[in-house]
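**Student:** What follows is a single structure, and I will ask about it in a moment.
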Amino acid sequence: MKTFMNVRLFSRRGGGGERRAGKPGLQLFALAHRSSRLAPRHAALSLALLCLVAPVLAQQPPEVTSTMNQTQAQLQILRIAIPSPTLGPSSAEAGAQPATFEVVNPNFFAPLTRDVAASGVFAIAPLPPSVNVNAPDLMKTANAQLLLKLNVFAIGQEYVVEARMVDTNNSIQYGKRYRGQVGALSRIAHTVANDMVRAMNGRPGIFLSQIAYASNRTGVYEIWLMDWDGSNQRQITRHANLSILPSWSADNERMVYTSFFTARGTSDMYIINRRGGERVRVNTGLGLNTSATFSPTSNDIAFVGSVHGNPDIYVIKDDSSNLRRLTTDDTIESTPEWSPTGRQISFTSGRSGTPQIYVMDAEGTNVRRISFEGEWNDDATWSPDGEQLAYTSRVNGRFQLRIMDLEHKQSRVLAGEGSNEQPTWSPDGRWIAFQSNRSGRWQVYKMRTDGTELLQLTFDGENKDPDWSKKAE
């Protein structure tokens with residue numbers, strides 16, 4: 001649920017659910033309603049822009065051919081043998097030196113095999129301990145349909161990665177050469193996995209996607225980024241004020257987030273580019289500005305705003321023009337989220353007596369309630385194909401993740417230990433990241449949408465408000 005400094009917009013009462021007390025000095029954000037909510041979502045971050053990993057140079061080798069039908073590849077999981085990389089120069093290039101296993105294994109080979117195993121396209125075929133990886137019948141020995149050949153060597157301060165995937169006919173399905181410094185090896189690994197998936201089904205994997213989140217590991221909540229598997233965690237804001245609720249733009253280049261200024265009792269929305277540069281304030285003229293989310297099809301931003309009354313859903317252009325108010329109900333409305341087409345907005349409203357999920361057209365018309373299972377539902381987010389909603393639901397006194405099939409209006413609960421909240425979909429719709437306090441502190445986790453392959457992604461401090469980048473790259 002969207003919390004701010006341990007305060008919830010909708011106070012959770014009854015059913016054994018927790019109720020968090022407000023902190024001193026935040027009363028200006030308490031909006032006059034008894035069962036009311038405070039500023040949505042939690043966690044802040046500040047603005048110090050860290051450079052992202054330098055771009056990886058990829059070179060396509062000549063005459064890469066493919067004999068495997070992509071439609072066939074999409075219908076089955078392909079067994080692939082992946083021997084450890086060879087570590088010597090493949091040709092007499094000036095300055096070329098062998099790479100070391102101590103560098104290549106943790107920084108490149110381990111993340112690559114994790115990505116491939118999680119791809120949903122490949123299954124890694126185990127290799128017998130004594131097998132000769134250069135034997136011509138290696139694929140037959142491993143009962144594999146594909147073989148990935150890897151070679152890594154160094155030239156000066158950079159590493160060269162050569163990757164080639166062949167089938168049982170020794171036809172090349174994919175081949176590329178990559179180059180980057182040691183700090184870029186994990187990104188090269190993600191890129192190789194992405195390219196392998198694209199070679200098989202024509203679409204990239206999700207391994208270059210990123211998750212934005214809020215962390216207080218430096219003493220105050222700031223906005224951070226990490227790779228899809230939890231690696232390469234870095235801080236991107238330094239506000240000296242609570243900065244929370246990052247939300248990606250459709251092109252994965254920008255984020256909009258909220259920063260609270262407790263001294264004057266206001267909050268502002270800012271836009272920042274993930275690659276650096278100055279933050280841009282979105283000037284709404286309202287006192288409360290939070291829970292911002294980019295439209296997937298335009299430069300509109302939906303957000304929760306208020307002057308002196310209850311929070312309502314507003315829309316504004318990213319250049320601070322054309323402010324429109326979409327909801328006018330007496331109750332509190334919060335957590336807007338655009339559908340993938342940009343034609344609808346989901347949001348939470350207490351108009352039925354308890355927080356429930358509603359959907360309206362992007363102009364604020366045709367409002368209808370869609371959540372009926374559970375007495376408390378919030379934090380809705382659309383699957384990339386628009387066919388499902390994931391949201392937070394109170395189940396037996398605890399907050400759990402629920403996924404609804406929008407066509408049939410049926411839902412299922414992904415139960416777990418502790419409270420599990422604020423889901424966000426991976427670009428391919430196969431994974432969900434979320435926050436949970438199952439360890440005793442709020443941390444970000446990911447799992448498949450069937451609840452399997454749970455993995456904790458953050459460990460330092462407390463970490464909340466995950467938002468997965470919107471498109472595969």
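Each chain in the structure tokens gets a letter, A, B and so on, in the order shown; residues start at 1 in every chain, and ligands are counted from 1 in the order they appear.
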Extract, using only C-alpha atoms, all DNA, RNA and protein residues at most 6 Å from stretch 336-352 of chain A, discarding same-chain residues fewer than 4 positions from it, and format them as a list in words.
**Tutor:** Ser295, Pro296, Thr297, Thr331, Ile332, Gln356, Ile357, Tyr358, Val359, Met360, Asp361, Ala362, Asp378, Trp382 and Gly386 of chain A
**Student:** Among stretch 52-197 of chain A, which ones does DSSP place in helix (DSSP H, G or I), written as a PyMOL selection string?
**Tutor:** chain A and resi 70-74+101-117+138-142+182-197
**Student:** In Å, how far is it from atom CA of A:Asp465 to atom CA of A:Arg217?
**Tutor:**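 Computing it gives 14.2 Å between the two atoms.
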**Student:** Using atom CA of A:Ile432 and atom CA of A:Thr290 as the two end points, give the distance in Å to one decimal.
**Tutor:**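 According to the coordinates, atom CA of A:Ile432 and atom CA of A:Thr290 are separated by 22.8 Å.
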**Student:** Just the number, please: distance in Å from atom CA of A:Val444 to atom CA of A:Arg398, one decimal.
**Tutor:** 17.6 Å
**Student:** Skip stretch 116-129 of chain A itself and residues of its chain fewer than 2 positions away, then list as a ChimeraX atom specification all residues within 6 Å of it, counting only C-alpha atoms.
**Tutor:** /A:77-81,113-114,131,142,193
**Student:** Restricting it to C-alpha atoms, dump the selection as a tab-separated table (two decimals), in the first residue's frame.
**Tutor:**
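Below is the file that was written, out_5.tsv:
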```
chain	number	residue	atom	x	y	z
A	77	ILE	CA	11.66	-24.65	-24.19
A	78	LEU	CA	14.98	-25.18	-25.93
A	79	ARG	CA	17.70	-27.16	-24.16
A	80	ILE	CA	20.99	-25.33	-24.48
A	81	ALA	CA	24.49	-26.39	-23.43
A	113	THR	CA	23.52	-18.27	-16.99
A	114	ARG	CA	21.05	-16.88	-14.45
A	131	VAL	CA	32.84	-34.05	-20.70
A	142	ALA	CA	24.08	-33.22	-23.16
A	193	ALA	CA	20.92	-13.11	-22.94
```
**Student:** Excluding stretch 400-405 of chain A and any residue of its chain fewer than 5 positions from it, enumerate the residues within 8 Å of it, using only C-alpha atoms, and give them as number ranges by chain.
**Tutor:** A: 387-395, 410-416, 419-423
**Student:** Have a look at A:Ala184, A:Val160, A:Ala96, A:Ile82 and name the one nearest to A:Asn134; count only C-alpha atoms.
**Tutor:**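 That would be A:Ile82, the residue with the smallest distance to A:Asn134.
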**Student:** Return the single residue from A:Phe459, A:Tyr159, A:Trp468, A:Phe303 that is closest to A:Trp431, with distances computed using only C-alpha atoms.
**Tutor:**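 The shortest atom-to-atom distance to A:Trp431 comes from A:Trp468.
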**Student:** For A:Thr452, which residue among A:Arg430, A:Gln235, A:Ser436, A:Lys140 is the nearest when counting only C-alpha atoms?
**Tutor:** A:Arg430
**Student:** Let me make sure I understand: among A:Glu373, A:Glu473, A:Glu158, A:Asp167, which one has the smallest atom-to-atom distance to A:Gln145 if we use only C-alpha atoms?
**Tutor:**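 Checking each of A:Glu373, A:Glu473, A:Glu158, A:Asp167 against A:Gln145, counting only C-alpha atoms, the winner is A:Asp167.
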**Student:** Return the single residue from A:Ile316, A:Thr335, A:Lys464, A:Asp195 that is closest to A:Trp224, with distances computed using only C-alpha atoms.
**Tutor:**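 Selected residue with least distance to A:Trp224: A:Lys464.
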**Student:** Would you mind listing what lies within 12 Å of A:Pro106 as a short mmCIF file (atom, residue, chain, number, x, y, z; two decimals) with C-alpha atoms, in the first residue's frame, with only C-alpha atoms counted and same-chain residues fewer than 3 positions away left out?
**Tutor:**
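Generated file (part.cif):
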```
data_model
loop_
_atom_site.label_atom_id
_atom_site.label_comp_id
_atom_site.auth_asym_id
_atom_site.auth_seq_id
_atom_site.Cartn_x
_atom_site.Cartn_y
_atom_site.Cartn_z
CA SER A 84 32.41 -22.16 -19.36
CA THR A 100 41.00 -14.64 -15.83
CA PHE A 101 38.29 -16.92 -14.48
CA GLU A 102 38.19 -14.84 -11.26
CA VAL A 103 36.99 -11.82 -13.26
CA PHE A 109 29.28 -15.98 -16.81
CA ALA A 110 27.23 -16.28 -13.60
CA PRO A 111 24.77 -13.48 -14.47
CA LEU A 112 24.51 -14.75 -18.05
CA THR A 113 23.52 -18.27 -16.99
CA ARG A 114 21.05 -16.88 -14.45
CA VAL A 182 35.14 -4.83 -16.30
CA GLY A 183 32.30 -2.75 -14.82
CA LEU A 185 30.65 -7.18 -17.98
CA SER A 186 27.35 -7.78 -16.18
CA ALA A 189 25.89 -10.63 -19.91
CA SER A 231 22.62 -6.11 -9.43
#
```
